[in-house]
$ cat data_21.txt   # compact mmCIF, C-alpha atoms
# COMPACT_ATOMS: atom_id res chain seq x y z
CA MET A 1 54.58 -183.84 2.68
CA ASN A 2 52.79 -181.81 0.09
CA LEU A 3 51.93 -178.35 1.35
CA PHE A 4 49.85 -177.60 -1.72
CA GLY A 5 47.56 -180.50 -0.82
CA LEU A 6 46.43 -178.48 2.18
CA MET A 7 45.13 -175.78 -0.09
CA ASP A 8 43.18 -178.41 -2.01
CA THR A 9 41.37 -179.42 1.16
CA SER A 10 40.44 -175.87 2.06
CA GLY A 11 39.66 -175.04 -1.55
CA GLN A 12 37.20 -177.91 -1.78
CA ALA A 13 35.51 -176.67 1.36
CA MET A 14 35.25 -173.15 -0.03
CA ARG A 15 33.73 -174.48 -3.24
CA ALA A 16 31.21 -176.56 -1.31
CA GLU A 17 30.25 -173.64 0.93
CA ARG A 18 29.81 -171.37 -2.07
CA MET A 19 27.54 -173.95 -3.66
CA ARG A 20 25.54 -174.02 -0.43
CA ALA A 21 25.22 -170.23 -0.54
CA GLU A 22 24.10 -170.44 -4.16
CA VAL A 23 21.40 -172.93 -3.27
CA VAL A 24 20.22 -170.65 -0.46
CA ALA A 25 20.14 -167.73 -2.89
CA ALA A 26 18.10 -169.82 -5.33
CA ASN A 27 15.66 -170.68 -2.55
CA MET A 28 15.21 -167.06 -1.56
CA ALA A 29 14.91 -165.91 -5.15
CA ASN A 30 12.16 -168.47 -5.72
CA ALA A 31 10.29 -167.90 -2.47
CA GLU A 32 7.21 -166.80 -4.41
CA THR A 33 7.61 -168.94 -7.52
CA THR A 34 4.40 -170.77 -8.34
CA ARG A 35 5.37 -172.10 -11.73
CA THR A 36 8.30 -174.39 -12.56
CA ALA A 37 9.33 -176.55 -15.49
CA SER A 38 8.20 -179.67 -13.63
CA GLY A 39 4.89 -178.06 -12.81
CA GLY A 40 3.66 -176.84 -9.43
CA PRO A 41 5.44 -174.42 -7.12
CA TYR A 42 9.22 -174.26 -6.61
CA GLN A 43 10.48 -176.66 -3.99
CA ARG A 44 13.12 -175.73 -1.47
CA GLN A 45 16.51 -177.34 -1.99
CA HIS A 46 19.38 -177.97 0.33
CA VAL A 47 22.84 -179.47 0.04
CA VAL A 48 24.31 -182.47 1.83
CA PHE A 49 28.01 -182.42 2.60
CA ALA A 50 30.12 -185.56 2.74
CA ALA A 51 33.71 -186.01 3.81
CA ASN A 52 36.22 -187.21 1.24
CA LYS A 53 37.91 -190.33 2.44
CA GLY A 54 41.07 -190.06 0.42
CA ASP A 55 42.17 -193.15 -1.43
CA SER A 56 41.23 -196.62 -0.29
CA GLY A 57 44.87 -197.34 0.53
CA PHE A 58 44.77 -195.36 3.71
CA LEU A 59 41.23 -196.15 4.56
CA ASN A 60 40.79 -197.59 7.94
CA SER A 61 37.11 -197.25 7.89
CA LEU A 62 35.82 -195.32 10.77
CA ALA A 63 32.20 -196.36 10.68
CA SER A 64 33.01 -199.54 12.57
CA ALA A 65 35.40 -197.87 15.02
CA SER A 66 33.12 -195.04 16.04
CA GLY A 67 30.01 -197.15 16.40
CA GLY A 68 28.30 -194.77 14.01
CA SER A 69 25.95 -192.02 15.04
CA GLY A 70 22.68 -192.80 13.41
CA ALA A 71 22.58 -192.61 9.67
CA GLY A 72 26.09 -193.42 8.52
CA SER A 73 28.79 -191.66 10.45
CA THR A 74 31.31 -189.99 8.15
CA ALA A 75 34.79 -189.01 9.16
CA LEU A 76 38.33 -189.11 8.03
CA PRO A 77 39.88 -192.51 8.14
CA VAL A 78 41.67 -192.98 11.41
CA GLY A 79 44.99 -194.58 10.76
CA ASN A 80 47.96 -193.41 8.83
CA PHE A 81 48.43 -190.52 6.52
CA GLY A 82 49.63 -192.35 3.47
CA SER A 83 52.55 -190.58 1.90
CA SER A 84 51.76 -192.25 -1.43
CA GLY A 85 49.74 -189.50 -3.04
CA ALA A 86 46.58 -189.96 -1.01
CA ALA A 87 43.73 -187.75 -2.12
CA ALA A 88 43.25 -184.66 -0.02
CA PRO A 89 40.93 -185.41 2.90
CA GLY A 90 38.51 -182.66 2.01
CA VAL A 91 34.78 -182.37 1.57
CA HIS A 92 32.36 -182.53 -1.32
CA ILE A 93 28.67 -182.02 -1.92
CA ALA A 94 27.12 -185.47 -1.91
CA GLU A 95 23.77 -184.34 -3.28
CA VAL A 96 21.31 -181.50 -3.51
CA VAL A 97 18.12 -182.64 -1.85
CA THR A 98 14.69 -181.32 -2.70
CA ASP A 99 12.53 -180.60 0.30
CA THR A 100 9.26 -182.55 0.09
CA ALA A 101 7.35 -180.28 2.46
CA PRO A 102 3.84 -179.57 1.20
CA PRO A 103 3.34 -176.14 -0.40
CA LEU A 104 1.77 -173.28 1.47
CA LYS A 105 -1.79 -172.50 0.38
CA ARG A 106 -2.81 -168.90 0.07
CA TYR A 107 -6.27 -167.79 -0.99
CA ASP A 108 -6.00 -165.64 -4.11
CA PRO A 109 -8.66 -166.54 -6.67
CA GLY A 110 -7.45 -163.89 -9.11
CA HIS A 111 -4.01 -165.53 -9.46
CA PRO A 112 -3.47 -167.33 -12.79
CA ASP A 113 -2.10 -170.38 -10.93
CA ALA A 114 -4.97 -170.58 -8.49
CA GLY A 115 -6.66 -173.95 -8.19
CA ALA A 116 -10.37 -174.60 -8.59
CA ASP A 117 -10.85 -173.76 -4.88
CA GLY A 118 -9.15 -170.38 -5.30
CA PHE A 119 -6.00 -171.35 -3.38
CA VAL A 120 -2.52 -170.80 -4.81
CA SER A 121 0.36 -173.13 -3.87
CA TYR A 122 3.46 -171.24 -2.79
CA PRO A 123 6.84 -172.80 -1.90
CA ASP A 124 7.32 -173.42 1.81
CA ILE A 125 10.37 -171.20 2.22
CA ASN A 126 11.12 -169.53 5.52
CA PRO A 127 13.42 -166.52 4.98
CA LEU A 128 14.71 -166.90 8.53
CA THR A 129 15.90 -170.48 7.95
CA GLU A 130 17.50 -169.45 4.69
CA MET A 131 19.30 -166.49 6.24
CA VAL A 132 20.68 -168.63 9.05
CA ASP A 133 21.89 -171.17 6.49
CA LEU A 134 23.46 -168.36 4.46
CA MET A 135 25.19 -167.03 7.56
CA GLY A 136 26.58 -170.48 8.31
CA ALA A 137 27.84 -170.81 4.76
CA THR A 138 29.49 -167.37 4.91
CA ARG A 139 31.21 -168.09 8.21
CA ALA A 140 32.46 -171.48 7.08
CA TYR A 141 33.67 -169.93 3.82
CA GLY A 142 35.59 -167.32 5.78
CA LEU A 143 37.03 -169.94 8.11
CA ASN A 144 38.38 -171.96 5.22
CA GLY A 145 39.56 -168.77 3.57
CA SER A 146 41.67 -167.99 6.61
CA ALA A 147 43.01 -171.54 6.49
CA VAL A 148 44.13 -170.87 2.92
CA GLN A 149 45.86 -167.69 4.12
CA ALA A 150 47.67 -169.70 6.78
CA GLU A 151 48.72 -172.32 4.27
CA LYS A 152 50.00 -169.67 1.89
CA ALA A 153 52.05 -168.15 4.68
CA MET A 154 53.53 -171.57 5.39
CA ILE A 155 54.53 -172.09 1.78
CA VAL A 156 56.08 -168.63 1.61
CA SER A 157 58.06 -169.25 4.77
CA ALA A 158 59.18 -172.64 3.46
CA LEU A 159 60.55 -170.81 0.40
CA ASP A 160 62.51 -168.64 2.81
CA ILE A 161 64.55 -171.65 3.91
CA ALA A 162 66.47 -171.52 0.66
CA LYS A 163 67.24 -167.82 0.95
CA SER A 164 70.20 -166.80 3.00
CA MET B 1 83.52 -191.54 7.35
CA GLY B 2 81.95 -189.36 4.68
CA MET B 3 81.48 -185.70 5.19
CA GLU B 4 77.93 -184.55 5.69
CA ILE B 5 76.82 -181.03 5.07
CA GLU B 6 73.43 -181.55 6.64
CA THR B 7 73.65 -181.57 10.40
CA ARG B 8 71.65 -183.73 12.78
CA LEU B 9 69.70 -180.69 13.87
CA SER B 10 68.59 -179.90 10.33
CA ASP B 11 67.36 -183.50 9.89
CA GLN B 12 65.44 -183.19 13.13
CA LEU B 13 63.97 -179.89 12.02
CA ALA B 14 62.90 -181.45 8.73
CA ARG B 15 60.91 -184.07 10.65
CA PHE B 16 59.49 -181.35 12.85
CA LEU B 17 58.31 -179.39 9.80
CA ASP B 18 56.74 -182.54 8.35
CA LEU B 19 54.78 -183.08 11.55
CA ALA B 20 53.74 -179.44 11.74
CA SER B 21 52.37 -179.62 8.20
CA SER B 22 50.60 -182.92 8.97
CA GLU B 23 48.95 -181.18 11.90
CA THR B 24 47.91 -178.31 9.65
CA LYS B 25 46.52 -180.82 7.16
CA LEU B 26 44.35 -182.46 9.81
CA THR B 27 43.13 -179.09 11.04
CA ALA B 28 42.31 -178.05 7.48
CA ALA B 29 40.40 -181.31 6.98
CA ASN B 30 38.40 -180.71 10.17
CA MET B 31 37.66 -177.15 9.08
CA ALA B 32 36.59 -178.33 5.63
CA ASN B 33 34.09 -180.68 7.23
CA ILE B 34 32.60 -178.24 9.70
CA ASP B 35 29.16 -178.75 8.14
CA THR B 36 29.38 -182.44 7.25
CA PRO B 37 26.77 -184.42 9.17
CA GLY B 38 28.25 -187.18 11.31
CA TYR B 39 31.85 -186.07 10.81
CA ARG B 40 34.16 -186.60 13.78
CA THR B 41 37.17 -184.41 14.59
CA VAL B 42 40.51 -186.08 13.98
CA GLY B 43 43.92 -185.17 15.30
CA MET B 44 47.38 -186.44 16.11
CA ASP B 45 49.57 -186.61 19.20
CA PHE B 46 52.33 -184.22 18.26
CA GLU B 47 54.66 -184.94 21.19
CA THR B 48 54.53 -188.73 20.74
CA GLU B 49 55.02 -188.46 17.00
CA MET B 50 57.95 -186.07 17.46
CA SER B 51 59.74 -188.22 20.02
CA GLU B 52 59.25 -191.28 17.81
CA ALA B 53 60.53 -189.36 14.80
CA LEU B 54 63.62 -188.32 16.76
CA SER B 55 64.42 -191.83 17.96
CA GLY B 56 63.72 -193.17 14.46
CA LEU B 57 66.15 -190.61 13.08
CA ASP B 58 68.88 -191.77 15.44
CA GLN B 59 68.37 -195.33 14.23
CA GLY B 60 68.54 -194.19 10.64
CA GLN B 61 64.94 -195.07 9.82
CA ALA B 62 62.89 -193.29 7.18
CA ALA B 63 60.04 -191.06 8.33
CA LYS B 64 56.97 -193.04 9.34
CA PRO B 65 53.44 -191.98 8.46
CA VAL B 66 51.55 -190.06 11.10
CA ARG B 67 48.95 -191.90 13.18
CA ILE B 68 45.58 -190.20 12.97
CA GLN B 69 43.32 -190.46 15.99
CA MET B 70 39.81 -189.43 16.83
CA THR B 71 39.74 -186.49 19.21
CA ASP B 72 37.80 -187.24 22.38
CA GLY B 73 35.92 -184.95 24.70
CA LEU B 74 34.25 -182.73 22.13
CA ILE B 75 30.58 -181.92 22.19
CA ALA B 76 28.70 -183.28 19.19
CA ARG B 77 25.94 -181.31 17.54
CA PRO B 78 22.58 -182.95 16.85
CA ASP B 79 23.77 -183.95 13.35
CA GLY B 80 26.62 -185.96 14.89
CA ASN B 81 29.33 -183.50 13.86
CA ASN B 82 31.73 -182.47 16.64
CA VAL B 83 34.03 -179.96 14.92
CA SER B 84 34.63 -176.89 17.09
CA LEU B 85 35.42 -173.75 15.13
CA ASP B 86 37.37 -172.15 17.99
CA ARG B 87 39.41 -175.24 18.68
CA GLU B 88 40.35 -175.65 15.02
CA SER B 89 41.24 -171.98 14.57
CA LEU B 90 43.48 -172.19 17.61
CA ASN B 91 45.08 -175.41 16.39
CA LEU B 92 45.71 -173.83 13.00
CA ALA B 93 47.44 -170.85 14.58
CA GLU B 94 49.50 -173.15 16.78
CA ALA B 95 50.58 -175.41 13.92
CA GLN B 96 51.49 -172.36 11.88
CA LEU B 97 53.65 -170.98 14.66
CA LYS B 98 55.36 -174.35 15.03
CA PHE B 99 56.07 -174.35 11.31
CA LYS B 100 57.46 -170.83 11.37
CA THR B 101 59.64 -171.67 14.36
CA GLY B 102 61.00 -174.70 12.52
CA VAL B 103 61.71 -172.62 9.42
CA ALA B 104 63.49 -169.95 11.45
CA LEU B 105 65.66 -172.52 13.19
CA LEU B 106 66.42 -174.28 9.92
CA ARG B 107 67.45 -171.02 8.31
CA GLN B 108 69.72 -170.27 11.21
CA GLU B 109 71.26 -173.71 10.93
CA ASN B 110 71.82 -173.30 7.19
CA GLN B 111 73.34 -169.90 7.83
CA ARG B 112 75.77 -171.46 10.29
CA ILE B 113 76.86 -173.99 7.68
CA LEU B 114 77.23 -171.26 5.07
CA ASP B 115 79.29 -169.22 7.49
CA ALA B 116 81.56 -172.22 7.99
CA ILE B 117 81.92 -172.61 4.22
CA HIS B 118 82.80 -168.96 3.78
CA ALA B 119 84.98 -168.82 6.88
CA ASP B 120 88.12 -168.09 4.88
CA LYS B 121 86.73 -165.00 3.26
$ encode --input "data_21.txt" --output "structure tokens"
Amino acid sequence: MNLFGLMDTSGQAMRAERMRAEVVAANMANAETTRTASGGPYQRQHVVFAANKGDSGFLNSLASASGGSGAGSTALPVGNFGSSGAAAPGVHIAEVVTDTAPPLKRYDPGHPDAGADGFVSYPDINPLTEMVDLMGATRAYGLNGSAVQAEKAMIVSALDIAKS
Amino acid sequence: MGMEIETRLSDQLARFLDLASSETKLTAANMANIDTPGYRTVGMDFETEMSEALSGLDQGQAAKPVRIQMTDGLIARPDGNNVSLDRESLNLAEAQLKFKTGVALLRQENQRILDAIHADK
């Protein structure tokens, strides 16, 4: 049993949650951005998490067992914990999705990016939604951080076995 | 009959520590996936695994891999995820205490053996 593998799992989660917080920060920073490299206003982005399934050796695919809940149920493989160096059953960011919601139109004929009708397209970003997402990311980051603390304490106490 | 320095209790404790760290691993995996859509909480039956490990030890078998099960009776969120933060935090604390108990007992056992070795001094 590899105790350091535990820290990998929690570490992956912390990295994924930090990425989520970064995406939220980018959304909030660009809440009023009307000009982007691809043209048009900034579009809100969000991350999609996916569970790591470890190596295929210990896969006992769950999708069939659980009946699936809608669009592709993801979970750890139910079965055995392979002792043969199975990848840590952590989490990763599957993709960063761009929200396709239509932009908000605001009448401002003096704006350099205003259309012929005098309306400016602003990104559809709701600060409330973003803050709630940020809060979730912070909490989950903290949760996994405390898991790392616990794992560290376990490793330290395992080292104590050798001391007399 | 060869002489063994390791006692039966220390072998049992080694299995116990393995199971406690497996439990921690599962809890950590659940925690890592707290925001993964469709993820289902997994766990293991500690008592069953422990009693099987003990009987396996008596028959001289090597440690078997842990059976991972889906945890029933949890409320799923609309995205299909059913990880409960409170439950996982509690499980983590419990697994950690189990581990520390095992370490303390193992240290005591090792100390006993050392005392026997140094009995003439």
$ interface_residues --input "data_21.txt" --of "chain B" --to "chain A" --cutoff "8 Å" --atoms "all atoms listed in the file" --output "ChimeraX atom specification"
/B:18,21-22,24-25,28-29,31-42,65-70,80,89,92-93,96,99-100,103-104,106-107,110-111
$ atom_distance --input "data_21.txt" --atom1 "CA of Glu6 (chain B)" --atom2 "CA of His118 (chain B)"
16.0 Å
$ atom_distance --input "data_21.txt" --atom1 "CA of Gly102 (chain B)" --atom2 "CA of Leu17 (chain B)"
6.1 Å
$ residues_around --input "data_21.txt" --residues "Thr98 (chain A)" --least-positions-apart "2" --cutoff "12 Å" --atoms "only C-alpha atoms" --output "list in words"
Val23, Asn27, Tyr42, Gln43, Arg44, Gln45, His46, Val47, Val48, Glu95, Val96, Thr100, Ala101, Pro102, Pro123 and Asp124 of chain A
$ residues_near_point --input "data_21.txt" --point "(6.8, -170.7, -1.3)" --cutoff "8 Å" --atoms "only C-alpha atoms" --output "PyMOL selection string"
chain A and resi 30-34+41-43+103-104+121-125
$ atom_distance --input "data_21.txt" --atom1 "CA of Ala21 (chain A)" --atom2 "CA of Leu134 (chain A)"
5.6 Å
$ residues_around --input "data_21.txt" --residues "Val24 (chain A)" --least-positions-apart "4" --cutoff "7 Å" --atoms "all atoms listed in the file" --output "VMD selection string"
chain A and resid 20 28 130 134
$ residues_around --input "data_21.txt" --residues "Pro109 (chain A)" --least-positions-apart "4" --cutoff "12 Å" --atoms "all atoms listed in the file" --output "PyMOL selection string"
chain A and resi 105+113-121
